[in-house]
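Chemist: Sharing data_14.tsv here; it has TSV, C-alpha atoms and all ligand atoms.
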```
chain	number	residue	atom	x	y	z
A	1	MET	CA	0.00	0.00	0.00
A	2	TRP	CA	1.46	3.34	-1.00
A	3	GLN	CA	1.94	6.17	1.47
A	4	ALA	CA	2.63	9.19	-0.72
A	5	GLN	CA	2.76	9.56	-4.45
A	6	VAL	CA	3.12	12.12	-7.17
A	7	ARG	CA	0.67	11.19	-9.91
A	8	ILE	CA	1.37	12.25	-13.49
A	9	ASP	CA	-1.45	12.17	-16.01
A	10	LEU	CA	0.18	11.54	-19.39
A	11	ASP	CA	-3.14	12.08	-21.16
A	12	ALA	CA	-3.02	15.64	-19.81
A	13	ILE	CA	0.49	16.07	-21.25
A	14	ARG	CA	-0.74	14.88	-24.64
A	15	HIS	CA	-3.80	17.10	-24.44
A	16	ASN	CA	-1.65	20.13	-23.59
A	17	VAL	CA	0.81	19.47	-26.40
A	18	ALA	CA	-2.07	19.15	-28.86
A	19	THR	CA	-3.65	22.34	-27.48
A	20	LEU	CA	-0.39	24.26	-27.87
A	21	ARG	CA	0.08	22.97	-31.41
A	22	GLY	CA	-3.39	24.26	-32.16
A	23	LEU	CA	-2.19	27.79	-31.35
A	24	LEU	CA	0.59	27.72	-33.96
A	25	ARG	CA	0.50	28.53	-37.67
A	26	SER	CA	1.30	25.62	-39.91
A	27	GLY	CA	4.95	26.61	-40.38
A	28	THR	CA	5.74	26.84	-36.67
A	29	ALA	CA	7.07	23.81	-34.81
A	30	LEU	CA	6.62	23.03	-31.11
A	31	MET	CA	9.49	22.29	-28.76
A	32	SER	CA	8.42	20.68	-25.50
A	33	VAL	CA	10.86	21.81	-22.84
A	34	VAL	CA	11.68	18.83	-20.62
A	35	LYS	CA	14.55	20.24	-18.55
A	36	ALA	CA	14.75	19.54	-14.81
A	37	ASP	CA	13.25	16.06	-15.16
A	38	ALA	CA	10.40	17.56	-17.19
A	39	TYR	CA	9.64	20.14	-14.47
A	40	GLY	CA	9.50	17.27	-11.99
A	41	HIS	CA	7.09	15.20	-14.11
A	42	GLY	CA	9.69	12.65	-15.29
A	43	LEU	CA	11.91	13.12	-18.34
A	44	LEU	CA	11.25	10.00	-20.38
A	45	PRO	CA	7.51	9.46	-19.89
A	46	VAL	CA	6.83	13.13	-20.60
A	47	ALA	CA	9.15	13.29	-23.62
A	48	THR	CA	7.56	10.16	-25.06
A	49	ALA	CA	4.03	11.47	-24.54
A	50	ALA	CA	4.93	14.90	-25.97
A	51	VAL	CA	6.47	13.39	-29.10
A	52	ARG	CA	3.42	11.16	-29.59
A	53	ALA	CA	1.24	14.25	-29.36
A	54	GLY	CA	3.22	16.01	-32.07
A	55	ALA	CA	6.12	17.87	-30.48
A	56	THR	CA	8.91	17.81	-33.08
A	57	TRP	CA	11.57	19.26	-30.79
A	58	LEU	CA	12.60	18.63	-27.17
A	59	GLY	CA	14.47	21.21	-25.12
A	60	THR	CA	16.85	20.56	-22.23
A	61	ALA	CA	19.18	22.72	-20.22
A	62	THR	CA	21.94	20.22	-19.50
A	63	LEU	CA	23.84	17.79	-21.66
A	64	GLU	CA	22.93	14.88	-19.38
A	65	GLU	CA	19.23	15.46	-19.91
A	66	ALA	CA	19.69	15.46	-23.69
A	67	LEU	CA	21.88	12.35	-23.67
A	68	ALA	CA	19.41	10.51	-21.43
A	69	LEU	CA	16.73	11.09	-24.07
A	70	ARG	CA	18.98	9.67	-26.81
A	71	GLU	CA	20.04	6.72	-24.64
A	72	HIS	CA	16.39	5.79	-24.37
A	73	GLY	CA	15.90	5.79	-28.09
A	74	ILE	CA	14.24	9.16	-28.55
A	75	THR	CA	15.22	10.38	-32.02
A	76	THR	CA	13.32	13.70	-31.97
A	77	ARG	CA	15.43	16.79	-32.55
A	78	ILE	CA	16.83	18.07	-29.24
A	79	LEU	CA	18.33	21.42	-28.26
A	80	SER	CA	20.50	21.55	-25.13
A	81	TRP	CA	21.42	25.08	-24.12
A	82	LEU	CA	23.42	25.41	-20.91
A	83	HIS	CA	27.07	24.40	-20.84
A	84	SER	CA	30.04	25.58	-18.83
A	85	PRO	CA	33.47	25.35	-20.48
A	86	GLY	CA	35.10	21.92	-20.62
A	87	ARG	CA	31.94	19.84	-20.93
A	88	PRO	CA	32.05	16.71	-23.11
A	89	LEU	CA	30.25	18.37	-26.02
A	90	HIS	CA	31.51	15.70	-28.44
A	91	GLU	CA	29.00	13.36	-26.81
A	92	ALA	CA	26.21	15.72	-27.79
A	93	VAL	CA	27.51	16.04	-31.34
A	94	ALA	CA	27.84	12.26	-31.66
A	95	ALA	CA	24.30	11.85	-30.34
A	96	GLY	CA	22.94	14.42	-32.78
A	97	VAL	CA	21.98	16.92	-30.09
A	98	ASP	CA	21.82	20.58	-31.15
A	99	LEU	CA	23.84	22.96	-28.97
A	100	SER	CA	23.52	26.63	-28.16
A	101	ALA	CA	26.40	29.09	-28.33
A	102	ALA	CA	26.42	32.59	-26.85
A	103	SER	CA	30.07	33.56	-27.31
A	104	PRO	CA	32.91	32.94	-29.77
A	105	ALA	CA	34.66	30.86	-27.09
A	106	ALA	CA	31.62	28.61	-26.66
A	107	LEU	CA	31.34	28.28	-30.42
A	108	ALA	CA	35.02	27.31	-30.66
A	109	GLU	CA	34.44	24.54	-28.13
A	110	ILE	CA	31.52	23.23	-30.16
A	111	ALA	CA	33.61	23.35	-33.36
A	112	ARG	CA	36.37	21.42	-31.60
A	113	ALA	CA	33.86	18.80	-30.45
A	114	ALA	CA	32.61	18.51	-34.02
A	115	ARG	CA	36.12	17.97	-35.43
A	116	GLN	CA	36.73	15.34	-32.75
A	117	THR	CA	33.48	13.61	-33.74
A	118	ARG	CA	34.03	14.12	-37.50
A	119	ARG	CA	30.54	15.40	-37.79
A	120	PRO	CA	29.26	18.99	-38.04
A	121	ALA	CA	27.53	20.30	-34.93
A	122	ALA	CA	24.10	21.93	-35.22
A	123	VAL	CA	24.35	25.27	-33.44
A	124	HIS	CA	21.73	27.74	-32.23
A	125	LEU	CA	23.24	31.20	-31.85
A	126	LYS	CA	21.79	32.93	-28.83
A	127	ILE	CA	21.39	36.69	-28.66
A	128	ASP	CA	20.64	38.45	-25.38
A	129	THR	CA	17.77	40.75	-26.33
A	130	GLY	CA	17.35	42.19	-22.85
A	131	MET	CA	17.14	39.51	-20.18
A	132	SER	CA	20.83	39.84	-19.28
A	133	ARG	CA	21.04	36.13	-18.62
A	134	ASN	CA	22.32	33.81	-21.36
A	135	GLY	CA	23.02	35.00	-24.91
A	136	ALA	CA	25.58	37.22	-26.62
A	137	THR	CA	25.36	40.92	-25.87
A	138	ARG	CA	24.71	43.28	-28.75
A	139	ALA	CA	28.39	44.21	-28.62
A	140	ASP	CA	29.55	40.57	-28.92
A	141	TRP	CA	26.93	39.53	-31.49
A	142	PRO	CA	28.90	40.41	-34.66
A	143	ALA	CA	31.94	38.48	-33.41
A	144	LEU	CA	29.76	35.44	-32.67
A	145	LEU	CA	28.15	35.64	-36.11
A	146	THR	CA	31.50	35.98	-37.87
A	147	ALA	CA	32.95	33.05	-35.94
A	148	ALA	CA	29.88	30.95	-36.71
A	149	ALA	CA	29.96	31.77	-40.40
A	150	LYS	CA	33.62	30.77	-40.53
A	151	ALA	CA	33.03	27.54	-38.60
A	152	GLN	CA	30.22	26.74	-41.00
A	153	ALA	CA	32.43	27.39	-44.02
A	154	ASP	CA	35.03	25.10	-42.45
A	155	GLY	CA	32.43	22.34	-42.18
A	156	ASP	CA	32.57	22.25	-38.37
A	157	VAL	CA	29.09	23.59	-37.62
A	158	GLU	CA	25.75	24.01	-39.24
A	159	ILE	CA	24.00	27.16	-38.10
A	160	ALA	CA	20.56	25.84	-37.21
A	161	ALA	CA	18.99	28.86	-35.57
A	162	VAL	CA	19.17	32.31	-34.07
A	163	TRP	CA	17.31	32.50	-30.81
A	164	SER	CA	16.60	34.46	-27.65
A	165	HIS	CA	14.48	34.39	-24.49
A	166	PHE	CA	11.93	36.79	-22.94
A	167	ALA	CA	12.32	38.21	-19.43
A	168	CYS	CA	8.73	39.39	-18.83
A	169	ALA	CA	6.46	37.60	-21.31
A	170	ASP	CA	4.33	36.52	-18.35
A	171	GLU	CA	3.36	40.18	-17.81
A	172	PRO	CA	1.45	41.02	-21.00
A	173	GLY	CA	2.06	44.63	-21.99
A	174	HIS	CA	5.34	44.90	-20.11
A	175	PRO	CA	7.44	47.42	-22.07
A	176	SER	CA	10.43	45.06	-22.22
A	177	ILE	CA	8.47	42.64	-24.43
A	178	LEU	CA	8.35	44.96	-27.43
A	179	ARG	CA	11.94	46.08	-26.80
A	180	GLN	CA	13.08	42.45	-26.89
A	181	GLN	CA	11.11	41.75	-30.07
A	182	LEU	CA	12.73	44.75	-31.76
A	183	ALA	CA	16.17	43.72	-30.51
A	184	PHE	CA	15.56	40.24	-31.92
A	185	ASP	CA	14.65	41.72	-35.31
A	186	ASP	CA	17.83	43.80	-35.21
A	187	ALA	CA	19.91	40.74	-34.36
A	188	LEU	CA	18.40	38.89	-37.33
A	189	ASP	CA	19.11	41.86	-39.63
A	190	GLU	CA	22.68	41.97	-38.44
A	191	ALA	CA	23.02	38.24	-39.05
A	192	ALA	CA	21.72	38.67	-42.61
A	193	ARG	CA	24.23	41.50	-43.18
A	194	LEU	CA	27.03	39.16	-42.12
A	195	GLY	CA	25.75	36.39	-44.38
A	196	VAL	CA	24.07	34.30	-41.67
A	197	GLU	CA	20.55	33.23	-42.72
A	198	PRO	CA	19.45	30.73	-40.08
A	199	PRO	CA	16.82	28.19	-41.12
A	200	LEU	CA	15.10	28.70	-37.76
A	201	ARG	CA	14.38	31.64	-35.47
A	202	HIS	CA	12.88	31.08	-32.02
A	203	LEU	CA	11.96	33.37	-29.17
A	204	ALA	CA	8.71	32.33	-27.47
A	205	ASN	CA	8.37	30.54	-24.13
A	206	SER	CA	4.99	29.35	-22.78
A	207	ALA	CA	3.75	32.84	-21.95
A	208	ALA	CA	4.59	34.16	-25.42
A	209	THR	CA	3.22	31.03	-27.05
A	210	LEU	CA	-0.10	31.70	-25.31
A	211	THR	CA	-0.30	35.47	-25.77
A	212	LEU	CA	2.07	36.74	-28.50
A	213	PRO	CA	1.53	35.03	-31.85
A	214	GLU	CA	3.85	37.54	-33.54
A	215	SER	CA	6.72	36.08	-31.47
A	216	HIS	CA	6.22	32.50	-32.63
A	217	PHE	CA	8.58	32.59	-35.65
A	218	ASP	CA	9.57	29.04	-36.75
A	219	LEU	CA	9.56	27.32	-33.37
A	220	VAL	CA	8.19	27.93	-29.88
A	221	ARG	CA	9.69	26.54	-26.68
A	222	ALA	CA	6.90	25.60	-24.30
A	223	GLY	CA	7.76	24.38	-20.84
A	224	LEU	CA	5.21	25.16	-18.15
A	225	ALA	CA	2.17	25.02	-20.45
A	226	THR	CA	3.12	21.47	-21.44
A	227	TYR	CA	2.44	20.51	-17.84
A	228	GLY	CA	-0.96	22.19	-17.86
A	229	LEU	CA	0.03	25.23	-15.84
A	230	SER	CA	-0.11	28.80	-17.01
A	231	PRO	CA	2.53	31.46	-16.39
A	232	ILE	CA	-0.27	34.03	-16.69
A	233	PRO	CA	-3.37	33.45	-14.54
A	234	GLY	CA	-6.33	32.60	-16.73
A	235	ALA	CA	-4.39	32.77	-20.02
A	236	ALA	CA	-4.77	29.10	-20.79
A	237	PRO	CA	-8.16	27.72	-19.81
A	238	ASP	CA	-7.74	24.72	-22.12
A	239	LEU	CA	-4.70	23.33	-20.36
A	240	ARG	CA	-4.92	20.42	-17.92
A	241	PRO	CA	-2.49	20.24	-14.98
A	242	ALA	CA	-0.72	16.88	-15.22
A	243	MET	CA	0.69	16.55	-11.70
A	244	SER	CA	-1.21	15.77	-8.52
A	245	VAL	CA	0.26	14.98	-5.12
A	246	HIS	CA	-1.38	12.47	-2.80
A	247	ALA	CA	-0.63	11.07	0.65
A	248	LYS	CA	-2.43	8.78	3.08
A	249	VAL	CA	-3.18	10.27	6.48
A	250	ALA	CA	-0.88	8.53	9.00
A	251	LEU	CA	-2.53	9.55	12.27
A	252	VAL	CA	-5.49	11.57	13.52
A	253	LYS	CA	-5.74	13.06	17.00
A	254	ALA	CA	-7.93	15.34	19.05
A	255	VAL	CA	-6.16	18.37	20.52
A	256	GLN	CA	-7.34	21.11	22.80
A	257	ALA	CA	-7.40	24.83	22.32
A	258	GLY	CA	-4.08	26.43	23.22
A	259	GLU	CA	-1.82	23.53	22.20
A	260	GLY	CA	1.19	24.42	20.08
A	261	VAL	CA	1.68	22.53	16.81
A	262	SER	CA	4.93	21.35	15.18
A	263	TYR	CA	8.45	22.79	15.57
A	264	GLY	CA	8.74	26.14	17.28
A	265	HIS	CA	5.04	26.13	18.21
A	266	THR	CA	4.55	28.83	15.58
A	267	TYR	CA	0.88	27.85	15.48
A	268	LYS	CA	-1.44	27.52	18.48
A	269	VAL	CA	-4.72	25.62	18.19
A	270	LEU	CA	-7.53	28.18	18.48
A	271	LYS	CA	-10.33	25.82	19.50
A	272	ASP	CA	-10.59	22.10	20.22
A	273	THR	CA	-10.07	20.29	16.95
A	274	THR	CA	-8.71	17.22	15.22
A	275	LEU	CA	-5.35	17.21	13.49
A	276	ALA	CA	-4.31	14.89	10.68
A	277	LEU	CA	-0.68	13.92	10.18
A	278	VAL	CA	0.12	13.80	6.47
A	279	PRO	CA	3.41	12.02	5.60
A	280	VAL	CA	5.05	14.45	3.16
A	281	GLY	CA	7.43	17.26	4.03
A	282	TYR	CA	10.12	19.49	2.68
A	283	ALA	CA	12.29	16.52	1.75
A	284	ASP	CA	9.47	15.64	-0.63
A	285	GLY	CA	9.39	19.17	-1.99
A	286	VAL	CA	6.64	20.64	0.19
A	287	PRO	CA	7.85	24.22	0.65
A	288	ARG	CA	8.65	25.06	4.26
A	289	SER	CA	7.68	28.64	3.48
A	290	ALA	CA	4.07	27.39	3.16
A	291	SER	CA	4.02	26.57	6.91
A	292	SER	CA	0.54	27.38	8.31
A	293	ARG	CA	-0.49	28.48	4.80
A	294	GLY	CA	-0.52	25.48	2.45
A	295	LEU	CA	-3.87	23.88	1.58
A	296	VAL	CA	-4.72	20.17	1.58
A	297	GLU	CA	-7.93	18.43	0.56
A	298	ILE	CA	-9.07	15.59	2.84
A	299	GLY	CA	-12.52	14.03	2.73
A	300	GLY	CA	-13.81	16.48	0.12
A	301	LYS	CA	-12.88	19.58	2.12
A	302	VAL	CA	-9.97	21.95	1.64
A	303	ARG	CA	-8.07	22.34	4.91
A	304	ARG	CA	-5.01	24.18	6.06
A	305	VAL	CA	-1.53	23.14	7.09
A	306	VAL	CA	-0.95	24.24	10.68
A	307	GLY	CA	2.50	24.88	12.09
A	308	ARG	CA	5.82	24.34	10.40
A	309	VAL	CA	6.28	22.01	7.46
A	310	CYS	CA	8.74	19.36	8.69
A	311	MET	CA	11.21	17.26	6.71
A	312	ASP	CA	8.84	14.29	6.36
A	313	GLN	CA	5.43	15.44	7.50
A	314	ILE	CA	2.86	18.16	7.83
A	315	VAL	CA	-0.06	18.64	10.23
A	316	VAL	CA	-3.46	19.58	8.82
A	317	ASP	CA	-6.34	21.05	10.82
A	318	CYS	CA	-9.43	18.90	10.23
A	319	ASP	CA	-11.84	21.05	12.24
A	320	GLY	CA	-13.26	18.19	14.31
A	321	ASP	CA	-14.38	16.29	11.18
A	322	ASP	CA	-14.35	12.52	11.02
A	323	VAL	CA	-11.04	12.07	9.21
A	324	ARG	CA	-9.31	8.71	9.64
A	325	PRO	CA	-5.85	7.24	9.19
A	326	GLY	CA	-5.58	5.95	5.64
A	327	ASP	CA	-7.83	8.68	4.21
A	328	GLU	CA	-6.36	10.26	1.12
A	329	ALA	CA	-4.99	13.78	1.34
A	330	VAL	CA	-4.50	15.73	-1.89
A	331	LEU	CA	-1.98	18.56	-1.67
A	332	PHE	CA	-2.70	19.71	-5.17
A	333	GLY	CA	-4.15	18.53	-8.44
A	334	ALA	CA	-5.95	19.84	-11.49
A	335	GLY	CA	-8.45	21.68	-9.28
A	336	SER	CA	-11.40	20.18	-11.15
A	337	ARG	CA	-12.79	18.51	-8.00
A	338	GLY	CA	-12.20	21.54	-5.83
A	339	GLU	CA	-8.79	20.38	-4.62
A	340	PRO	CA	-6.00	22.96	-4.24
A	341	THR	CA	-3.75	23.59	-7.26
A	342	ALA	CA	-0.03	24.08	-7.77
A	343	ASP	CA	-0.89	27.78	-8.14
A	344	ASP	CA	-2.47	27.73	-4.65
A	345	TRP	CA	0.72	26.24	-3.22
A	346	ALA	CA	2.80	28.76	-5.14
A	347	ALA	CA	0.78	31.58	-3.57
A	348	ALA	CA	1.11	30.00	-0.11
A	349	ALA	CA	4.88	29.71	-0.52
A	350	ASP	CA	5.51	33.07	-2.23
A	351	THR	CA	6.81	31.37	-5.34
A	352	ILE	CA	5.69	30.23	-8.80
A	353	SER	CA	4.06	26.98	-9.86
A	354	TYR	CA	7.25	26.09	-11.77
A	355	GLU	CA	9.09	25.68	-8.47
A	356	ILE	CA	6.26	23.79	-6.78
A	357	VAL	CA	6.07	21.04	-9.43
A	358	ALA	CA	9.84	20.91	-10.10
A	359	ARG	CA	10.50	20.30	-6.39
A	360	MET	CA	7.59	17.98	-5.65
A	361	GLY	CA	8.40	15.80	-8.62
A	362	SER	CA	12.16	15.53	-8.22
A	363	ASN	CA	12.23	14.03	-4.80
A	364	ARG	CA	11.71	11.07	-2.50
A	365	THR	CA	8.05	10.63	-3.32
A	366	PRO	CA	7.50	7.94	-5.96
A	367	LYS	CA	5.95	9.02	-9.25
A	368	VAL	CA	3.05	7.04	-10.66
A	369	TYR	CA	1.90	7.46	-14.24
A	370	VAL	CA	-1.71	7.32	-15.34
A	371	GLY	CA	-3.30	7.69	-18.76
A	372	GLU	CA	-3.14	5.75	-21.98
A	373	ASP	CA	0.64	6.05	-22.33
A	374	ALA	CA	1.37	4.99	-18.74
B	401	LIG	C1	12.83	27.02	-19.31
B	401	LIG	C2	12.99	27.65	-20.62
B	401	LIG	C3	11.91	27.70	-21.53
B	401	LIG	C4	10.51	27.29	-21.16
B	401	LIG	O1	9.94	28.29	-20.36
B	401	LIG	P1	8.40	28.19	-19.90
B	401	LIG	O2	8.12	29.50	-19.29
B	401	LIG	O3	8.34	27.07	-18.93
B	401	LIG	O4	7.64	27.91	-21.13
B	401	LIG	C5	12.17	28.18	-22.79
B	401	LIG	N1	13.39	28.62	-23.14
B	401	LIG	C6	14.44	28.62	-22.28
B	401	LIG	C7	15.77	29.14	-22.72
B	401	LIG	C8	14.26	28.16	-20.99
B	401	LIG	O5	15.29	28.17	-20.13
```
Would you write out, as structure tokens, the structure that this file holds?
Ligand SMILES: *Cc1c(COP(=O)(O)O)cnc(C)c1O

Modeler:
Amino acid sequence: MWQAQVRIDLDAIRHNVATLRGLLRSGTALMSVVKADAYGHGLLPVATAAVRAGATWLGTATLEEALALREHGITTRILSWLHSPGRPLHEAVAAGVDLSAASPAALAEIARAARQTRRPAAVHLKIDTGMSRNGATRADWPALLTAAAKAQADGDVEIAAVWSHFACADEPGHPSILRQQLAFDDALDEAARLGVEPPLRHLANSAATLTLPESHFDLVRAGLATYGLSPIPGAAPDLRPAMSVHAKVALVKAVQAGEGVSYGHTYKVLKDTTLALVPVGYADGVPRSASSRGLVEIGGKVRRVVGRVCMDQIVVDCDGDDVRPGDEAVLFGAGSRGEPTADDWAAAADTISYEIVARMGSNRTPKVYVGEDA
């Protein structure tokens, strides 16, 4: 009998991928971003479901994530975009994984890996259009383009794309969005001037995929929306959250008004009540910052975590109701039965749903897959 589980609905993943594809013009491809163990949902099951539903690209941050996909026989085109110097990039080239470069030095490493592998590397040239995170600055962009054009002429790389990433696409109307779009256009113009005509241009994340069709270009990179969550409240009513978190109540007890609950006694029971002990804690990804704020559904009612979230367990106020050991507690799910959602937990923990699912799913709690592909 299980005690706690993270349930992943692969039908929801397929539904979301199909829904996202429905937002794209016919010439635009969909990349399902499966970094960080598919945002905690499980790399291989999600990648397989996404490809079945029509994703023609997969996106990962690290090399290991990309290679794991290849090792399991996934032949879909993959872009892996985050590499410190000295990584074994030849393994990516040999596995046919596209790589991103944001500086001449990074490009030189990719070219070296290609020569070692005796196979040209597919490269996506990244321009920083205003996020000040990854990507070449405007000042470094011409040097990167020139180096890439030369490496292509030498047969070491194939320039597959020019790309960038939005900082504030989840705040529709934010002035940086237009600035970044214009900077992206400029970067493409500059590339054309230097003889670089990439077959693909890509800019949109989930938020831009949902709200900015003019940013779709040839490919969109959808992460969060693939999992049925929206970076903008209410922007994606057709998406279905794929992750739900369940645990069986371990113990129920009556306590009297005035008793302190959990470490530090940060919460005091206000009136006589019953408390349920639910066996998941911060080691399972339950945010400690949601102490006395997180919501849990037990017996058809939404209840509140009381006191500190512990490493392995939380205490939930059951208001004197007849809750019993073995009853199922739902921390969050799709919300369709009134249960709390990942967005509720994000609000309770002062974070974003991305972090809630990535942490809950990449932890001690076993994952169980449901749906046709399971
Ligand atoms: C994570 C990531 C994405 C996906 O972002 P979402 O907001 O989850 O859609 C796209 N592109 C890059 C470069 C990323 O790091």

Chemist: Would you tabulate, counting only C-alpha atoms and all ligand atoms, all residues of chain A that have an atom at most 7 Å from an atom of ligand LIG 401 (chain B), showing the closest pair of atoms and their distance in Å to one decimal, sorted by chain then ascending number, as a tab-separated table?

Modeler:
```
residue	atom	partner	partner_atom	distance
A:Val33	CA	B:LIG401	C4	5.7
A:Ala61	CA	B:LIG401	O5	6.7
A:His165	CA	B:LIG401	C7	5.7
A:Asn205	CA	B:LIG401	O4	4.1
A:Ser206	CA	B:LIG401	O4	3.4
A:Ala207	CA	B:LIG401	O2	6.1
A:Arg221	CA	B:LIG401	C5	4.9
A:Ala222	CA	B:LIG401	O4	4.0
A:Gly223	CA	B:LIG401	O3	3.3
A:Leu224	CA	B:LIG401	O3	3.7
A:Ala225	CA	B:LIG401	O4	6.2
A:Pro231	CA	B:LIG401	O2	6.6
```

Chemist: Have a look at CA of Pro366 in chain A and CA of Pro279 in chain A and let me know their distance in Å, one decimal.

Modeler: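 Separation of CA of Pro366 in chain A and CA of Pro279 in chain A: 12.9 Å.
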
Chemist: At a cut-off of 10 Å, using all atoms listed in the file, what residues contact Gln3 in chain A? Leave out same-chain residues fewer than 6 positions from it and give the result as a list in words.

Modeler: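 These residues fall inside the cut-off: His246, Ala247, Lys248, Val249, Ala250, Val278, Pro279, Val280, Gly326, Glu328, Thr365 and Pro366 of chain A.
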
Chemist: Any idea what the distance is between CA of Ala113 in chain A and CA of Arg87 in chain A?

Modeler: 9.8 Å

Chemist: Would you pick out the contacts of Ile177 in chain A at 9 Å or less, using only C-alpha atoms, so that residues sharing its chain but fewer than 5 positions from it are not included, and give the list as an NGL selection string?

Modeler: :A and (166-169 or 171-172 or 182)

Chemist: Can you work out the spacing between CA of Glu190 in chain A and CA of His174 in chain A in Å, to one decimal?

Modeler: 25.4 Å

Chemist: Could you complete range 150-161 of chain A so that it carries N, CA, C and O atoms, and give it back as a tab-separated table (two decimals), in the frame of the given file?

Modeler:
```
chain	number	residue	atom	x	y	z
A	150	LYS	N	32.35	31.41	-40.17
A	150	LYS	CA	33.62	30.77	-40.53
A	150	LYS	C	33.59	29.27	-40.20
A	150	LYS	O	34.01	28.44	-41.00
A	151	ALA	N	33.08	28.95	-39.00
A	151	ALA	CA	33.03	27.54	-38.60
A	151	ALA	C	32.12	26.74	-39.54
A	151	ALA	O	32.37	25.56	-39.82
A	152	GLN	N	31.10	27.43	-40.05
A	152	GLN	CA	30.22	26.74	-41.00
A	152	GLN	C	30.95	26.51	-42.33
A	152	GLN	O	30.87	25.42	-42.90
A	153	ALA	N	31.67	27.53	-42.77
A	153	ALA	CA	32.43	27.39	-44.02
A	153	ALA	C	33.49	26.29	-43.89
A	153	ALA	O	33.77	25.57	-44.85
A	154	ASP	N	34.03	26.14	-42.69
A	154	ASP	CA	35.03	25.10	-42.45
A	154	ASP	C	34.41	23.70	-42.32
A	154	ASP	O	35.13	22.71	-42.16
A	155	GLY	N	33.09	23.64	-42.29
A	155	GLY	CA	32.43	22.34	-42.18
A	155	GLY	C	32.31	21.84	-40.75
A	155	GLY	O	31.93	20.69	-40.51
A	156	ASP	N	32.63	22.70	-39.76
A	156	ASP	CA	32.57	22.25	-38.37
A	156	ASP	C	31.17	22.39	-37.76
A	156	ASP	O	30.78	21.62	-36.89
A	157	VAL	N	30.45	23.42	-38.18
A	157	VAL	CA	29.09	23.59	-37.62
A	157	VAL	C	28.09	23.86	-38.74
A	157	VAL	O	28.46	24.30	-39.83
A	158	GLU	N	26.85	23.56	-38.41
A	158	GLU	CA	25.75	24.01	-39.24
A	158	GLU	C	24.94	24.97	-38.39
A	158	GLU	O	24.50	24.60	-37.29
A	159	ILE	N	24.78	26.19	-38.86
A	159	ILE	CA	24.00	27.16	-38.10
A	159	ILE	C	22.53	26.77	-38.25
A	159	ILE	O	21.97	26.85	-39.35
A	160	ALA	N	21.94	26.33	-37.15
A	160	ALA	CA	20.56	25.84	-37.21
A	160	ALA	C	19.56	26.93	-36.87
A	160	ALA	O	18.42	26.90	-37.34
A	161	ALA	N	19.97	27.88	-36.04
A	161	ALA	CA	18.99	28.86	-35.57
A	161	ALA	C	19.66	30.08	-34.96
A	161	ALA	O	20.82	30.03	-34.54
```
